[in-house]
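Enquirer: Take a look at the following structure, please.
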Amino acid sequence: DAGVIQSPRHEVTEMGQEVTLRCKPISGHNSLFWYRQTMMRGLELLIYFNNNVPIDDSGMPEDRFSAKMPNASFSTLKIQPSEPRDSAVYFCASRGLDRVAFFGQGTRLTVV
Amino acid sequence: GIQVEQSPPDLILQEGANSTLRCNFSDSVNNLQWFHQNPWGQLINLFYIPSGTKQNGRLSATTVATERYSLLYISSSQTTDSGVYFCAVGPGRSGANSKLTFGKGITLSVRP
């Protein structure tokens, strides 16, 4: 298995632009998580899905952030419009019924 | 929500030394994982250990769920062990598909 695949690995965008981060979970996994990592706040859970359904989005900072999981093999995290304070590393993770979560390599987002 | 505290926050070791990293949590859990974030930012699974003891080479972990703590032991440390060690927990009353809450991590530096 290729593991959790995220794209792009790096994204540099201008303030106000729309940013879309993508994640392909491990095949057969039924839970998917989006985390954000910054020096100040550490690893924060933004949203997680079970069986493609959003379960807890209380960590989504504000309405500028949205996440979708149209099927079991794909999820997106969108920021519109982006702001410099959104600069961070965004991780996607997936988990199967054995409860072991695996992380992708992350997307480093820089908003200038 | 559940609170996760890791100690010590920073640790500097000479190569070959042993160390113990601690994770305390505020409520019962049905999921606990230890991760190593390497200098390239990758989050690597070390152990899934909601209870009991496991060993993998020079690393071992013990979770005493009734006392709400977990310990990660590193023996004969190597420079490649450097990085940040995270404990992540899932609350016990939420069933199998609960979210994972991370501690702030322990930064380990192993000097040659």
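How things are named: the first chain in the structure tokens is A, the next is B, and so on; residues count from 1 in each chain; ligands count from 1 in the order shown.
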Would you mind listing what lies within 10 Å of region 9-26 of chain A as a ChimeraX atom specification, with only C-alpha atoms counted and same-chain residues fewer than 4 positions away left out?

Expert: /A:1-5,30-34,64-69,72-87,89-96,101-112

Enquirer: Go ahead and save the picked residues with C-alpha atoms, as a tab-separated table (two decimals), in the first residue's frame.

Expert:
chain	number	residue	atom	x	y	z
A	1	ASP	CA	0.00	0.00	0.00
A	2	ALA	CA	1.29	3.48	-0.86
A	3	GLY	CA	0.05	4.93	2.41
A	4	VAL	CA	-1.90	8.16	2.75
A	5	ILE	CA	-1.19	10.40	-0.22
A	30	ASN	CA	-13.12	4.12	7.13
A	31	SER	CA	-11.99	7.21	9.08
A	32	LEU	CA	-10.21	10.27	7.73
A	33	PHE	CA	-8.76	13.20	9.65
A	34	TRP	CA	-7.47	16.64	8.70
A	64	ARG	CA	-13.34	30.14	5.12
A	65	PHE	CA	-12.48	26.48	5.68
A	66	SER	CA	-14.50	23.64	4.21
A	67	ALA	CA	-13.86	19.92	3.78
A	68	LYS	CA	-15.51	17.26	1.69
A	69	MET	CA	-15.26	13.53	1.28
A	72	ALA	CA	-14.04	6.58	0.38
A	73	SER	CA	-10.90	7.27	-1.60
A	74	PHE	CA	-10.73	11.05	-1.74
A	75	SER	CA	-11.06	14.13	0.45
A	76	THR	CA	-10.41	17.83	0.00
A	77	LEU	CA	-9.78	20.70	2.38
A	78	LYS	CA	-10.50	24.09	0.87
A	79	ILE	CA	-9.61	27.54	2.15
A	80	GLN	CA	-11.34	30.47	0.50
A	81	PRO	CA	-10.16	33.18	0.77
A	82	SER	CA	-6.75	32.31	2.18
A	83	GLU	CA	-4.98	34.53	4.71
A	84	PRO	CA	-1.34	34.66	5.90
A	85	ARG	CA	-2.37	33.19	9.28
A	86	ASP	CA	-3.46	30.02	7.48
A	87	SER	CA	0.19	29.25	6.75
A	89	VAL	CA	1.52	22.22	7.55
A	90	TYR	CA	-1.74	20.41	6.88
A	91	PHE	CA	-1.82	16.67	7.51
A	92	CYS	CA	-4.33	14.09	6.43
A	93	ALA	CA	-4.59	10.78	8.28
A	94	SER	CA	-6.69	7.68	7.82
A	95	ARG	CA	-7.64	4.83	10.11
A	96	GLY	CA	-9.22	1.43	9.74
A	101	ALA	CA	-4.05	5.94	12.27
A	102	PHE	CA	-1.50	6.64	9.55
A	103	PHE	CA	-0.47	10.08	8.40
A	104	GLY	CA	0.36	11.46	5.00
A	105	GLN	CA	3.49	13.49	4.39
A	106	GLY	CA	1.64	16.77	4.78
A	107	THR	CA	1.14	19.87	2.66
A	108	ARG	CA	3.20	22.90	3.61
A	109	LEU	CA	1.03	25.95	2.86
A	110	THR	CA	2.46	29.43	2.70
A	111	VAL	CA	0.11	32.36	2.16
A	112	VAL	CA	1.89	35.60	1.29

Enquirer: Determine which residues of chain B DSSP labels as helix (DSSP H, G or I) from the backbone of this structure, then write them out as a ChimeraX atom specification.

Expert: /B:65-67,79-81,92-94

Enquirer: May I have the selected residues written with N, CA and C atoms, as a CSV table (one decimal), in the first residue's frame?

Expert:
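Saved to part_7.csv:
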chain,number,residue,atom,x,y,z
B,65,ALA,N,-3.8,2.1,31.7
B,65,ALA,CA,-5.0,2.9,31.4
B,65,ALA,C,-5.7,3.3,32.7
B,66,THR,N,-5.7,2.4,33.7
B,66,THR,CA,-6.4,2.7,34.9
B,66,THR,C,-5.8,3.9,35.6
B,67,GLU,N,-4.5,4.2,35.4
B,67,GLU,CA,-3.8,5.3,36.0
B,67,GLU,C,-3.6,6.4,35.0
B,79,THR,N,21.5,9.0,17.0
B,79,THR,CA,21.2,10.3,16.5
B,79,THR,C,19.9,10.3,15.6
B,80,THR,N,19.6,9.2,15.0
B,80,THR,CA,18.4,9.1,14.2
B,80,THR,C,17.1,9.1,15.0
B,81,ASP,N,17.2,9.0,16.3
B,81,ASP,CA,16.1,9.0,17.2
B,81,ASP,C,15.6,10.5,17.4
B,92,GLY,N,-12.3,7.0,25.6
B,92,GLY,CA,-12.9,5.7,25.7
B,92,GLY,C,-14.4,5.6,25.6
B,93,ARG,N,-15.1,6.6,25.8
B,93,ARG,CA,-16.6,6.5,25.8
B,93,ARG,C,-17.2,6.8,24.4
B,94,SER,N,-16.3,7.1,23.5
B,94,SER,CA,-16.9,7.5,22.2
B,94,SER,C,-16.9,6.4,21.2

Enquirer: Define the interface residues of chain B facing chain A as those within 10 Å, counting only C-alpha atoms, and report them as a PyMOL selection string.

Expert: chain B and resi 30-33+35+40-45+47-49+86+88+90+96-105

Enquirer: Please, what distance in Å, to one decimal, runs between CA of Tyr85 (chain B) and CA of Ser60 (chain B)?

Expert: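 Interatomic distance here is 13.2 Å.
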
Enquirer: DSSP says strand (DSSP E) for which residues of chain A? Put them as a PyMOL selection string?

Expert: chain A and resi 5-7+10-13+19-24+31-38+42-50+53-56+65-71+74-79+88-95+101-103+107-111

Enquirer: Calculated over only C-alpha atoms, which of the candidates B:Val110, B:Trp34, B:Tyr73, B:Val84 has the smallest distance to Ser19 (chain B)?

Expert: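 Closest candidate: B:Tyr73.
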